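Novice: Below is protein17.pdb; it holds PDB, C-alpha atoms.
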MODEL        1
ATOM      1  CA  MET F 421     -25.827   6.089   1.405
ATOM      2  CA  VAL F 422     -26.733   2.383   1.304
ATOM      3  CA  GLY F 423     -26.929   2.436  -2.496
ATOM      4  CA  PHE F 424     -23.590   4.250  -2.631
ATOM      5  CA  ILE F 425     -21.932   1.524  -0.538
ATOM      6  CA  ALA F 426     -23.606  -1.256  -2.532
ATOM      7  CA  ARG F 427     -22.288   0.130  -5.825
ATOM      8  CA  ARG F 428     -18.764   0.361  -4.440
ATOM      9  CA  LEU F 429     -18.888  -3.181  -3.035
ATOM     10  CA  GLY F 430     -20.184  -4.565  -6.338
ATOM     11  CA  ALA F 431     -17.403  -2.853  -8.285
ATOM     12  CA  SER F 432     -14.836  -4.148  -5.757
ATOM     13  CA  VAL F 433     -15.979  -7.767  -6.194
ATOM     14  CA  VAL F 434     -15.735  -7.485  -9.983
ATOM     15  CA  LEU F 435     -12.262  -5.922  -9.690
ATOM     16  CA  LEU F 436     -11.007  -8.720  -7.439
ATOM     17  CA  PHE F 437     -12.332 -11.408  -9.777
ATOM     18  CA  VAL F 438     -10.772  -9.828 -12.872
ATOM     19  CA  THR F 439      -7.475  -9.322 -11.040
ATOM     20  CA  ALA F 440      -7.390 -12.934  -9.901
ATOM     21  CA  LEU F 441      -8.263 -14.285 -13.364
ATOM     22  CA  LEU F 442      -5.731 -12.178 -15.274
ATOM     23  CA  THR F 443      -2.969 -12.855 -12.753
ATOM     24  CA  PHE F 444      -3.565 -16.616 -12.790
ATOM     25  CA  VAL F 445      -3.677 -16.782 -16.586
ATOM     26  CA  LEU F 446      -0.576 -14.630 -17.061
ATOM     27  CA  LEU F 447       1.387 -16.677 -14.523
ATOM     28  CA  SER F 448       0.300 -19.953 -16.108
ATOM     29  CA  ILE F 449       1.002 -19.046 -19.750
ATOM     30  CA  PRO F 450       4.815 -19.472 -19.556
ATOM     31  CA  ASN F 451       5.780 -23.094 -20.164
ATOM     32  CA  GLN F 452       7.406 -23.761 -16.791
ATOM     33  CA  ASP F 453       8.581 -27.284 -16.104
ATOM     34  CA  VAL F 454       7.836 -27.036 -12.383
ATOM     35  CA  GLY F 455       8.289 -30.751 -11.864
ATOM     36  CA  ARG F 456      11.873 -30.582 -13.119
ATOM     37  CA  GLN F 457      12.608 -27.578 -10.895
ATOM     38  CA  LEU F 458      11.339 -29.445  -7.869
ATOM     39  CA  LEU F 459      12.889 -32.848  -8.563
ATOM     40  CA  GLY F 460      16.124 -31.727 -10.178
ATOM     41  CA  ILE F 461      17.679 -32.199 -13.586
ATOM     42  CA  ASN F 462      18.523 -35.857 -12.902
ATOM     43  CA  ALA F 463      14.903 -36.895 -12.317
ATOM     44  CA  SER F 464      13.255 -39.165 -14.858
ATOM     45  CA  GLN F 465      10.623 -37.815 -17.220
ATOM     46  CA  ALA F 466       8.038 -40.150 -15.708
ATOM     47  CA  ALA F 467       8.677 -38.737 -12.228
ATOM     48  CA  ILE F 468       8.499 -35.192 -13.577
ATOM     49  CA  ASP F 469       5.208 -35.859 -15.365
ATOM     50  CA  SER F 470       3.835 -37.441 -12.203
ATOM     51  CA  LYS F 471       4.829 -34.403 -10.150
ATOM     52  CA  ASN F 472       3.255 -31.991 -12.632
ATOM     53  CA  ALA F 473       0.060 -34.053 -12.587
ATOM     54  CA  GLN F 474       0.107 -34.037  -8.795
ATOM     55  CA  LEU F 475       0.222 -30.238  -8.853
ATOM     56  CA  GLY F 476      -2.603 -30.155 -11.398
ATOM     57  CA  LEU F 477      -0.489 -28.602 -14.125
ATOM     58  CA  ASP F 478      -1.766 -31.081 -16.713
ATOM     59  CA  ARG F 479      -5.284 -29.610 -16.553
ATOM     60  CA  PRO F 480      -6.593 -26.628 -18.590
ATOM     61  CA  ILE F 481      -5.838 -23.188 -17.167
ATOM     62  CA  LEU F 482      -9.462 -22.136 -16.611
ATOM     63  CA  ILE F 483     -10.332 -25.344 -14.775
ATOM     64  CA  ARG F 484      -7.314 -24.848 -12.525
ATOM     65  CA  PHE F 485      -8.317 -21.231 -11.917
ATOM     66  CA  PHE F 486     -11.897 -21.958 -10.874
ATOM     67  CA  ASP F 487     -10.660 -24.790  -8.680
ATOM     68  CA  TRP F 488      -8.245 -22.339  -7.017
ATOM     69  CA  LEU F 489     -11.034 -19.741  -6.716
ATOM     70  CA  ALA F 490     -13.390 -22.215  -5.041
ATOM     71  CA  HIS F 491     -10.766 -23.058  -2.424
ATOM     72  CA  ALA F 492      -9.720 -19.404  -2.022
ATOM     73  CA  MET F 493     -13.288 -18.391  -1.179
ATOM     74  CA  GLN F 494     -13.067 -20.865   1.704
ATOM     75  CA  GLY F 495      -9.792 -19.380   2.923
ATOM     76  CA  ASP F 496      -7.566 -22.055   1.395
ATOM     77  CA  LEU F 497      -4.938 -20.533  -0.912
ATOM     78  CA  GLY F 498      -3.083 -23.813  -1.361
ATOM     79  CA  ARG F 499       0.499 -24.718  -0.529
ATOM     80  CA  SER F 500       3.834 -23.525  -1.809
ATOM     81  CA  TRP F 501       5.165 -25.722  -4.594
ATOM     82  CA  PHE F 502       8.700 -25.550  -3.232
ATOM     83  CA  SER F 503       8.328 -25.556   0.568
ATOM     84  CA  SER F 504       4.873 -27.210   0.909
ATOM     85  CA  GLU F 505       4.016 -24.509   3.475
ATOM     86  CA  GLN F 506       0.440 -23.277   3.514
ATOM     87  CA  VAL F 507       0.189 -19.974   1.662
ATOM     88  CA  THR F 508      -1.956 -18.352   4.359
ATOM     89  CA  ILE F 509       0.571 -19.254   7.058
ATOM     90  CA  ALA F 510       3.576 -18.165   4.982
ATOM     91  CA  ILE F 511       1.990 -14.778   4.242
ATOM     92  CA  GLY F 512       0.619 -14.426   7.764
ATOM     93  CA  ASN F 513       4.114 -14.738   9.224
ATOM     94  CA  ARG F 514       5.377 -11.866   7.054
ATOM     95  CA  LEU F 515       2.291  -9.660   7.001
ATOM     96  CA  PRO F 516       2.771  -7.937  10.416
ATOM     97  CA  VAL F 517       6.087  -6.484   9.250
ATOM     98  CA  THR F 518       4.646  -4.863   6.134
ATOM     99  CA  LEU F 519       1.491  -3.780   7.972
ATOM    100  CA  SER F 520       3.677  -2.003  10.529
ATOM    101  CA  LEU F 521       5.302  -0.047   7.717
ATOM    102  CA  VAL F 522       2.127   0.716   5.764
ATOM    103  CA  ILE F 523       0.049   1.769   8.783
ATOM    104  CA  GLY F 524       2.917   3.815  10.220
ATOM    105  CA  VAL F 525       3.552   5.619   6.927
ATOM    106  CA  THR F 526      -0.164   6.253   6.391
ATOM    107  CA  LEU F 527      -0.569   7.803   9.844
ATOM    108  CA  VAL F 528       2.550   9.957   9.517
ATOM    109  CA  THR F 529       1.573  11.041   6.015
ATOM    110  CA  ALA F 530      -2.008  11.912   6.953
ATOM    111  CA  VAL F 531      -1.119  13.871  10.089
ATOM    112  CA  VAL F 532       2.089  15.651   9.056
ATOM    113  CA  GLY F 533       1.112  16.208   5.413
ATOM    114  CA  TYR F 534      -2.325  17.543   6.355
ATOM    115  CA  LEU F 535      -0.980  19.922   9.001
ATOM    116  CA  LEU F 536       1.726  21.269   6.687
ATOM    117  CA  GLY F 537      -0.736  21.740   3.838
ATOM    118  CA  VAL F 538      -3.305  23.570   5.965
ATOM    119  CA  TRP F 539      -0.602  25.704   7.568
ATOM    120  CA  ALA F 540       0.799  26.704   4.177
ATOM    121  CA  GLY F 541      -2.622  27.309   2.608
ATOM    122  CA  VAL F 542      -3.840  29.505   5.455
ATOM    123  CA  ARG F 543      -0.675  31.339   6.511
ATOM    124  CA  ARG F 544       1.005  31.608   3.109
ATOM    125  CA  GLY F 545       4.268  33.629   3.062
ATOM    126  CA  ARG F 546       7.430  31.844   4.141
ATOM    127  CA  ILE F 547       5.572  28.778   5.368
ATOM    128  CA  ASP F 548       3.972  28.383   1.951
ATOM    129  CA  ARG F 549       7.328  28.672   0.182
ATOM    130  CA  PHE F 550       8.877  26.149   2.562
ATOM    131  CA  VAL F 551       6.117  23.601   1.904
ATOM    132  CA  GLN F 552       6.438  24.049  -1.853
ATOM    133  CA  ILE F 553      10.225  23.590  -1.747
ATOM    134  CA  PHE F 554       9.818  20.543   0.486
ATOM    135  CA  SER F 555       7.201  19.068  -1.870
ATOM    136  CA  VAL F 556       9.418  19.491  -4.929
ATOM    137  CA  ALA F 557      12.441  18.025  -3.116
ATOM    138  CA  GLY F 558      10.391  15.131  -1.768
ATOM    139  CA  TYR F 559       9.247  14.207  -5.271
ATOM    140  CA  ALA F 560      12.589  14.821  -6.984
ATOM    141  CA  LEU F 561      14.896  12.864  -4.690
ATOM    142  CA  PRO F 562      15.039   9.112  -5.483
ATOM    143  CA  GLY F 563      13.547   7.014  -2.707
ATOM    144  CA  PHE F 564      16.464   4.592  -2.477
ATOM    145  CA  LEU F 565      18.924   7.509  -2.164
ATOM    146  CA  VAL F 566      16.921   9.065   0.673
ATOM    147  CA  THR F 567      16.782   5.694   2.406
ATOM    148  CA  ILE F 568      20.542   5.163   2.176
ATOM    149  CA  VAL F 569      21.246   8.667   3.519
ATOM    150  CA  ILE F 570      18.872   8.072   6.443
ATOM    151  CA  VAL F 571      20.617   4.802   7.284
ATOM    152  CA  ILE F 572      24.095   6.370   7.124
ATOM    153  CA  VAL F 573      23.164   9.371   9.288
ATOM    154  CA  PHE F 574      20.814   7.946  11.930
ATOM    155  CA  ALA F 575      21.938   4.314  12.098
ATOM    156  CA  VAL F 576      25.644   4.276  11.221
ATOM    157  CA  GLN F 577      26.911   7.660  12.410
ATOM    158  CA  LEU F 578      24.528   8.681  15.208
ATOM    159  CA  ARG F 579      23.545   5.094  16.125
ATOM    160  CA  TRP F 580      20.109   6.160  17.270
ATOM    161  CA  PHE F 581      18.384   3.257  15.520
ATOM    162  CA  PRO F 582      19.433  -0.197  14.255
ATOM    163  CA  ALA F 583      20.437  -0.337  10.598
ATOM    164  CA  ILE F 584      18.841  -3.693   9.846
ATOM    165  CA  GLY F 585      16.578  -6.250  11.468
ATOM    166  CA  TYR F 586      13.082  -6.425  12.891
ATOM    167  CA  ILE F 587      11.772  -7.041  16.412
ATOM    168  CA  PRO F 588       8.102  -8.124  16.688
ATOM    169  CA  ILE F 589       5.857  -5.915  18.779
ATOM    170  CA  THR F 590       4.865  -8.960  20.859
ATOM    171  CA  GLN F 591       8.493  -9.381  21.897
ATOM    172  CA  SER F 592       9.336  -5.747  22.708
ATOM    173  CA  PHE F 593       7.356  -2.586  21.931
ATOM    174  CA  THR F 594      10.385  -0.295  22.166
ATOM    175  CA  GLY F 595      12.428  -2.704  20.061
ATOM    176  CA  TRP F 596       9.662  -2.871  17.460
ATOM    177  CA  LEU F 597       9.393   0.909  17.395
ATOM    178  CA  SER F 598      13.155   1.312  16.949
ATOM    179  CA  THR F 599      13.263  -1.108  14.019
ATOM    180  CA  ILE F 600      10.404   0.472  12.035
ATOM    181  CA  THR F 601      11.155   4.158  12.704
ATOM    182  CA  LEU F 602      13.763   4.626   9.972
ATOM    183  CA  PRO F 603      11.836   2.617   7.336
ATOM    184  CA  VAL F 604       8.685   4.626   8.092
ATOM    185  CA  ILE F 605      10.591   7.910   7.782
ATOM    186  CA  ALA F 606      12.154   6.786   4.503
ATOM    187  CA  LEU F 607       8.770   5.932   3.007
ATOM    188  CA  SER F 608       6.992   8.969   4.462
ATOM    189  CA  ILE F 609       9.083  11.780   2.989
ATOM    190  CA  SER F 610       7.737  11.696  -0.562
ATOM    191  CA  ALA F 611       4.242  10.780   0.668
ATOM    192  CA  VAL F 612       4.108  13.729   3.073
ATOM    193  CA  ALA F 613       5.338  16.019   0.309
ATOM    194  CA  GLY F 614       2.517  14.905  -1.985
ATOM    195  CA  ILE F 615      -0.239  15.256   0.615
ATOM    196  CA  ALA F 616       1.039  18.631   1.845
ATOM    197  CA  GLN F 617       1.079  20.054  -1.670
ATOM    198  CA  GLN F 618      -2.404  18.702  -2.436
ATOM    199  CA  VAL F 619      -3.913  20.016   0.797
ATOM    200  CA  ARG F 620      -2.207  23.384   0.356
ATOM    201  CA  SER F 621      -3.629  23.800  -3.179
ATOM    202  CA  SER F 622      -7.107  22.677  -2.100
ATOM    203  CA  VAL F 623      -7.189  25.031   0.890
ATOM    204  CA  ILE F 624      -6.144  28.010  -1.247
ATOM    205  CA  GLU F 625      -8.768  27.155  -3.865
ATOM    206  CA  VAL F 626     -11.544  26.819  -1.283
ATOM    207  CA  VAL F 627     -10.552  30.012   0.549
ATOM    208  CA  ARG F 628     -10.774  31.942  -2.725
ATOM    209  CA  SER F 629     -14.222  30.569  -3.579
ATOM    210  CA  ASP F 630     -17.293  32.823  -3.565
ATOM    211  CA  TYR F 631     -19.199  31.049  -0.797
ATOM    212  CA  ILE F 632     -16.269  31.402   1.636
ATOM    213  CA  ARG F 633     -16.151  35.112   0.886
ATOM    214  CA  THR F 634     -19.890  35.269   1.533
ATOM    215  CA  LEU F 635     -19.422  33.620   4.931
ATOM    216  CA  GLN F 636     -16.655  36.085   5.731
ATOM    217  CA  THR F 637     -18.852  39.063   4.870
ATOM    218  CA  ARG F 638     -21.539  37.726   7.211
ATOM    219  CA  GLY F 639     -19.106  38.087  10.099
ATOM    220  CA  LEU F 640     -18.599  34.389  10.946
ATOM    221  CA  PRO F 641     -15.497  33.727  13.069
ATOM    222  CA  PRO F 642     -12.472  32.763  10.911
ATOM    223  CA  ARG F 643     -11.843  29.626  12.961
ATOM    224  CA  ARG F 644     -15.406  28.425  12.415
ATOM    225  CA  ILE F 645     -15.123  29.037   8.677
ATOM    226  CA  LEU F 646     -11.820  27.164   8.587
ATOM    227  CA  PHE F 647     -12.905  24.063  10.488
ATOM    228  CA  ARG F 648     -16.511  23.737   9.333
ATOM    229  CA  HIS F 649     -16.235  24.780   5.689
ATOM    230  CA  VAL F 650     -12.683  25.115   4.350
ATOM    231  CA  LEU F 651     -11.221  21.913   5.772
ATOM    232  CA  ARG F 652     -14.294  19.841   4.932
ATOM    233  CA  ASN F 653     -14.159  20.767   1.254
ATOM    234  CA  ALA F 654     -10.369  20.697   1.000
ATOM    235  CA  SER F 655     -10.032  17.225   2.548
ATOM    236  CA  ALA F 656     -11.663  15.248  -0.261
ATOM    237  CA  PRO F 657      -8.807  15.652  -2.812
ATOM    238  CA  ALA F 658      -6.273  14.841  -0.084
ATOM    239  CA  LEU F 659      -8.105  11.590   0.705
ATOM    240  CA  THR F 660      -7.949  10.614  -2.959
ATOM    241  CA  VAL F 661      -4.194  11.236  -3.101
ATOM    242  CA  LEU F 662      -3.689   9.330   0.161
ATOM    243  CA  GLY F 663      -5.506   6.332  -1.286
ATOM    244  CA  MET F 664      -3.362   6.439  -4.436
ATOM    245  CA  GLN F 665      -0.199   6.650  -2.354
ATOM    246  CA  PHE F 666      -1.194   3.486  -0.513
ATOM    247  CA  VAL F 667      -0.734   1.571  -3.764
ATOM    248  CA  GLY F 668       2.697   3.147  -4.149
ATOM    249  CA  LEU F 669       3.615   2.101  -0.613
ATOM    250  CA  LEU F 670       3.286  -1.555  -1.573
ATOM    251  CA  GLY F 671       5.932  -1.079  -4.251
ATOM    252  CA  GLY F 672       8.149   1.146  -2.127
ATOM    253  CA  ALA F 673       8.068  -1.347   0.729
ATOM    254  CA  VAL F 674       9.913  -3.864  -1.456
ATOM    255  CA  ILE F 675      12.993  -1.627  -1.700
ATOM    256  CA  VAL F 676      12.875  -0.474   1.920
ATOM    257  CA  GLU F 677      12.486  -4.010   3.250
ATOM    258  CA  GLN F 678      15.507  -5.103   1.245
ATOM    259  CA  ILE F 679      17.674  -2.219   2.522
ATOM    260  CA  PHE F 680      16.666  -2.598   6.178
ATOM    261  CA  GLY F 681      16.571  -6.397   6.109
ATOM    262  CA  LEU F 682      12.903  -6.600   7.110
ATOM    263  CA  PRO F 683      11.160  -9.979   6.637
ATOM    264  CA  GLY F 684       7.990  -8.559   5.086
ATOM    265  CA  ILE F 685       5.868  -9.506   2.098
ATOM    266  CA  GLY F 686       7.945  -7.232  -0.146
ATOM    267  CA  SER F 687      11.090  -9.315   0.236
ATOM    268  CA  MET F 688       8.900 -12.416   0.157
ATOM    269  CA  ALA F 689       7.497 -11.388  -3.227
ATOM    270  CA  ILE F 690      10.990 -11.117  -4.704
ATOM    271  CA  GLN F 691      12.060 -14.469  -3.296
ATOM    272  CA  TYR F 692       9.086 -16.493  -4.516
ATOM    273  CA  THR F 693       8.657 -14.667  -7.818
ATOM    274  CA  THR F 694      12.155 -15.686  -8.895
ATOM    275  CA  ARG F 695      11.183 -19.293  -8.153
ATOM    276  CA  GLY F 696       7.912 -19.083 -10.053
ATOM    277  CA  ASP F 697       5.900 -20.311  -7.039
ATOM    278  CA  ILE F 698       2.411 -19.528  -8.374
ATOM    279  CA  PRO F 699       0.398 -20.319  -5.181
ATOM    280  CA  ILE F 700       2.502 -17.882  -3.144
ATOM    281  CA  ILE F 701       2.444 -15.236  -5.881
ATOM    282  CA  MET F 702      -1.340 -15.516  -6.237
ATOM    283  CA  GLY F 703      -1.729 -15.109  -2.483
ATOM    284  CA  LEU F 704       0.456 -11.992  -2.466
ATOM    285  CA  VAL F 705      -1.318 -10.466  -5.470
ATOM    286  CA  MET F 706      -4.758 -11.038  -3.983
ATOM    287  CA  LEU F 707      -3.647  -9.693  -0.613
ATOM    288  CA  SER F 708      -2.422  -6.521  -2.306
ATOM    289  CA  ALA F 709      -5.605  -6.266  -4.379
ATOM    290  CA  ILE F 710      -7.816  -6.683  -1.310
ATOM    291  CA  GLY F 711      -5.795  -4.028   0.508
ATOM    292  CA  VAL F 712      -6.187  -1.607  -2.394
ATOM    293  CA  VAL F 713      -9.925  -2.318  -2.622
ATOM    294  CA  ILE F 714     -10.435  -1.756   1.112
ATOM    295  CA  VAL F 715      -8.482   1.498   1.090
ATOM    296  CA  ASN F 716     -10.307   2.800  -1.988
ATOM    297  CA  LEU F 717     -13.642   1.858  -0.409
ATOM    298  CA  LEU F 718     -12.733   3.741   2.768
ATOM    299  CA  VAL F 719     -11.632   6.727   0.678
ATOM    300  CA  ASP F 720     -14.931   6.690  -1.252
ATOM    301  CA  LEU F 721     -16.894   6.504   2.000
ATOM    302  CA  GLY F 722     -14.847   9.344   3.452
ATOM    303  CA  ILE F 723     -15.415  11.524   0.400
ATOM    304  CA  GLY F 724     -19.111  10.601   0.400
ATOM    305  CA  TRP F 725     -19.341  11.715   4.015
ATOM    306  CA  LEU F 726     -17.450  14.954   3.422
ATOM    307  CA  LEU F 727     -19.178  15.765   0.132
ATOM    308  CA  PRO F 728     -22.689  14.246  -0.100
ATOM    309  CA  LYS F 729     -22.877  15.217  -3.801
ATOM    310  CA  ALA F 730     -20.138  12.670  -4.519
ATOM    311  CA  ARG F 731     -22.440   9.802  -3.542
ATOM    312  CA  VAL F 732     -24.444  10.123  -6.745
ATOM    313  CA  SER F 733     -21.364  10.251  -9.009
TER     314      SER F 733
ENDMDL
END
Could you spell out this file's structure in structure tokens?
Specialist:
Amino acid sequence: MVGFIARRLGASVVLLFVTALLTFVLLSIPNQDVGRQLLGINASQAAIDSKNAQLGLDRPILIRFFDWLAHAMQGDLGRSWFSSEQVTIAIGNRLPVTLSLVIGVTLVTAVVGYLLGVWAGVRRGRIDRFVQIFSVAGYALPGFLVTIVIVIVFAVQLRWFPAIGYIPITQSFTGWLSTITLPVIALSISAVAGIAQQVRSSVIEVVRSDYIRTLQTRGLPPRRILFRHVLRNASAPALTVLGMQFVGLLGGAVIVEQIFGLPGIGSMAIQYTTRGDIPIIMGLVMLSAIGVVIVNLLVDLGIGWLLPKARVS
């Protein structure tokens, strides 16, 4: 198990380094006159050149990258070119909003999607048909359309939840819960559909396998077979899909945050990307990459625990 974890950690470090290098190079290739953007079109060329030199833009790209990397490894991601705010503070102020969405959607997806999938795979019949129809509808309907319908029904017409805005959990737990409920539901529908369909297919496949039939012929209780053998083997594919959906949540959060007016890193990414603020963009990219690496590592560990044979793959 130790070797399994070491291999995954080594691959994660390499992935983060390559991601950081490619992102920095691609962002630096365009010939952006940052000094002119900061000082205005009426600034003199000497002042603009001085500003670019102050930001280090007159140095080679690779030297700038390794200088950024050295500071980043110490927790210093630099300052915004336009607001002079520290990148870690700027992201830290927005991160709780997006984390509320991502964690909420992940929990709802794992619990509801897993229960629906197991229910459909074991019971079959009408429940199975319902889950399949729900899965197809969840994938087919555009996410932004589902979000708008949810806002119109539950926020505008029924007025059960606020349509826009965000209340921090430190200020009011009930207020925080009311502001993230609709965004979490909007992001969870397609995710639950995907997990339910995956779990349903895996459960059916495992139930039909020869070793499950052997256990049944030996007279083991059905509940014991379900919980100790079927669910253990059927959970691994669902964990893989859940990890892949986490990456999709980062992209979906951008749209949902814009619709619900949430001050998260999704809306922040749009704002600073249009400006070309490389320090902020690098911080957001690396935060997303670290999140993906952590989730994939947890998924690999979960699969390795469920299926010991996967540790040697």
Novice: Check what the PyMOL selection byres ((chain F and resi 696) around 12) selects in the file above and give those residues as number ranges by chain.
Specialist: F: 446-455, 457-458, 500-502, 689-695, 697-702
Novice: Take the selection from the previous step and output its residues with C-alpha atoms, as a PDB file, keeping the file's coordinate frame.
Specialist:
ATOM      1  CA  LEU F 446      -0.576 -14.630 -17.061  1.00  0.00           C
ATOM      2  CA  LEU F 447       1.387 -16.677 -14.523  1.00  0.00           C
ATOM      3  CA  SER F 448       0.300 -19.953 -16.108  1.00  0.00           C
ATOM      4  CA  ILE F 449       1.002 -19.046 -19.750  1.00  0.00           C
ATOM      5  CA  PRO F 450       4.815 -19.472 -19.556  1.00  0.00           C
ATOM      6  CA  ASN F 451       5.780 -23.094 -20.164  1.00  0.00           C
ATOM      7  CA  GLN F 452       7.406 -23.761 -16.791  1.00  0.00           C
ATOM      8  CA  ASP F 453       8.581 -27.284 -16.104  1.00  0.00           C
ATOM      9  CA  VAL F 454       7.836 -27.036 -12.383  1.00  0.00           C
ATOM     10  CA  GLY F 455       8.289 -30.751 -11.864  1.00  0.00           C
ATOM     11  CA  GLN F 457      12.608 -27.578 -10.895  1.00  0.00           C
ATOM     12  CA  LEU F 458      11.339 -29.445  -7.869  1.00  0.00           C
ATOM     13  CA  SER F 500       3.834 -23.525  -1.809  1.00  0.00           C
ATOM     14  CA  TRP F 501       5.165 -25.722  -4.594  1.00  0.00           C
ATOM     15  CA  PHE F 502       8.700 -25.550  -3.232  1.00  0.00           C
ATOM     16  CA  ALA F 689       7.497 -11.388  -3.227  1.00  0.00           C
ATOM     17  CA  ILE F 690      10.990 -11.117  -4.704  1.00  0.00           C
ATOM     18  CA  GLN F 691      12.060 -14.469  -3.296  1.00  0.00           C
ATOM     19  CA  TYR F 692       9.086 -16.493  -4.516  1.00  0.00           C
ATOM     20  CA  THR F 693       8.657 -14.667  -7.818  1.00  0.00           C
ATOM     21  CA  THR F 694      12.155 -15.686  -8.895  1.00  0.00           C
ATOM     22  CA  ARG F 695      11.183 -19.293  -8.153  1.00  0.00           C
ATOM     23  CA  ASP F 697       5.900 -20.311  -7.039  1.00  0.00           C
ATOM     24  CA  ILE F 698       2.411 -19.528  -8.374  1.00  0.00           C
ATOM     25  CA  PRO F 699       0.398 -20.319  -5.181  1.00  0.00           C
ATOM     26  CA  ILE F 700       2.502 -17.882  -3.144  1.00  0.00           C
ATOM     27  CA  ILE F 701       2.444 -15.236  -5.881  1.00  0.00           C
ATOM     28  CA  MET F 702      -1.340 -15.516  -6.237  1.00  0.00           C
TER      29      MET F 702
END
Novice: Work out how far atom CA of Met688 of chain F is from atom CA of Ser503 of chain F, in Å to one decimal.
Specialist: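 Separation of atom CA of Ser503 of chain F and atom CA of Met688 of chain F: 13.2 Å.
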Novice: From the options F:Ala440, F:Ala467, F:Ile600, F:Ile632, which residue's atoms come nearest to Val650 of chain F, counting all atoms listed in the file?
Specialist: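 Among the listed residues, F:Ile632 lies closest to Val650 of chain F.
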Novice: Which residues, named as in the file, does the PyMOL selection byres ((chain F and resi 520-536) around 7) pick out? Answer as a list in words.
Specialist: Pro516, Val517, Thr518, Leu519, Gly537, Val538, Trp539, Ala540, Val551, Ile600, Val604, Leu607, Ser608, Ala611, Val612, Ala613, Ile615, Ala616, Val619 and Leu669 of chain F
Novice: Quote the spacing between atom CA of Leu561 of chain F and atom CA of Asn716 of chain F in Å to one decimal place.
Specialist: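 Here the two named atoms are 27.3 Å from each other.
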Novice: Hey, can you check how far atom CA of Gly668 of chain F sits from atom CA of Val623 of chain F?
Specialist: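 Interatomic distance here is 24.5 Å.
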Novice: Nearest residue to Gly684 of chain F out of F:Ile425, F:Leu704, F:Leu640, F:Ile570, using only C-alpha atoms?
Specialist: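 Between F:Ile425, F:Leu704, F:Leu640, F:Ile570, the residue approaching Gly684 of chain F most closely is F:Leu704.
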Novice: Could you tell me which of F:Val626, F:Val573, F:Leu515, F:Leu441 comes closest to Gly711 of chain F if we count all atoms listed in the file?
Specialist: F:Leu515
Novice: Out of F:Thr637, F:Leu597, F:Met706, F:Val507, which residue has the shortest atom-to-atom distance to Phe437 of chain F when counting all atoms listed in the file?
Specialist: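 The shortest atom-to-atom distance to Phe437 of chain F comes from F:Met706.
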Novice: Looking at only C-alpha atoms, which of F:Val433, F:Gly585, F:Arg620, F:Gly595 is the one that sits closest to Ile547 of chain F?
Specialist: F:Arg620
Novice: For each of F:Gly495, F:Gln678, F:Ile624, F:Asn472, take the minimum atom-to-atom distance to Leu459 of chain F, counting all atoms listed in the file, then give the residue where this is smallest.
Specialist: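 Closest candidate: F:Asn472.
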Novice: Just say which residues the PyMOL selection byres ((chain F and resi 658-663) around 8) picks in this file, as a list in words.
Specialist: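 Evaluating the PyMOL selection byres ((chain F and resi 658-663) around 8) on this file yields Thr526, Ala530, Gly614, Ile615, Gln618, Val619, Ala654, Ser655, Ala656, Pro657, Met664, Gln665, Phe666, Val667, Val715, Asn716, Val719, Gly722 and Ile723 of chain F.
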Novice: Suppose we keep C-alpha atoms; can you now write the selection as a PDB file, in the coordinates of the input?
Specialist:
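Saved to part27.pdb:
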ATOM      1  CA  THR F 526      -0.164   6.253   6.391  1.00  0.00           C
ATOM      2  CA  ALA F 530      -2.008  11.912   6.953  1.00  0.00           C
ATOM      3  CA  GLY F 614       2.517  14.905  -1.985  1.00  0.00           C
ATOM      4  CA  ILE F 615      -0.239  15.256   0.615  1.00  0.00           C
ATOM      5  CA  GLN F 618      -2.404  18.702  -2.436  1.00  0.00           C
ATOM      6  CA  VAL F 619      -3.913  20.016   0.797  1.00  0.00           C
ATOM      7  CA  ALA F 654     -10.369  20.697   1.000  1.00  0.00           C
ATOM      8  CA  SER F 655     -10.032  17.225   2.548  1.00  0.00           C
ATOM      9  CA  ALA F 656     -11.663  15.248  -0.261  1.00  0.00           C
ATOM     10  CA  PRO F 657      -8.807  15.652  -2.812  1.00  0.00           C
ATOM     11  CA  MET F 664      -3.362   6.439  -4.436  1.00  0.00           C
ATOM     12  CA  GLN F 665      -0.199   6.650  -2.354  1.00  0.00           C
ATOM     13  CA  PHE F 666      -1.194   3.486  -0.513  1.00  0.00           C
ATOM     14  CA  VAL F 667      -0.734   1.571  -3.764  1.00  0.00           C
ATOM     15  CA  VAL F 715      -8.482   1.498   1.090  1.00  0.00           C
ATOM     16  CA  ASN F 716     -10.307   2.800  -1.988  1.00  0.00           C
ATOM     17  CA  VAL F 719     -11.632   6.727   0.678  1.00  0.00           C
ATOM     18  CA  GLY F 722     -14.847   9.344   3.452  1.00  0.00           C
ATOM     19  CA  ILE F 723     -15.415  11.524   0.400  1.00  0.00           C
TER      20      ILE F 723
END
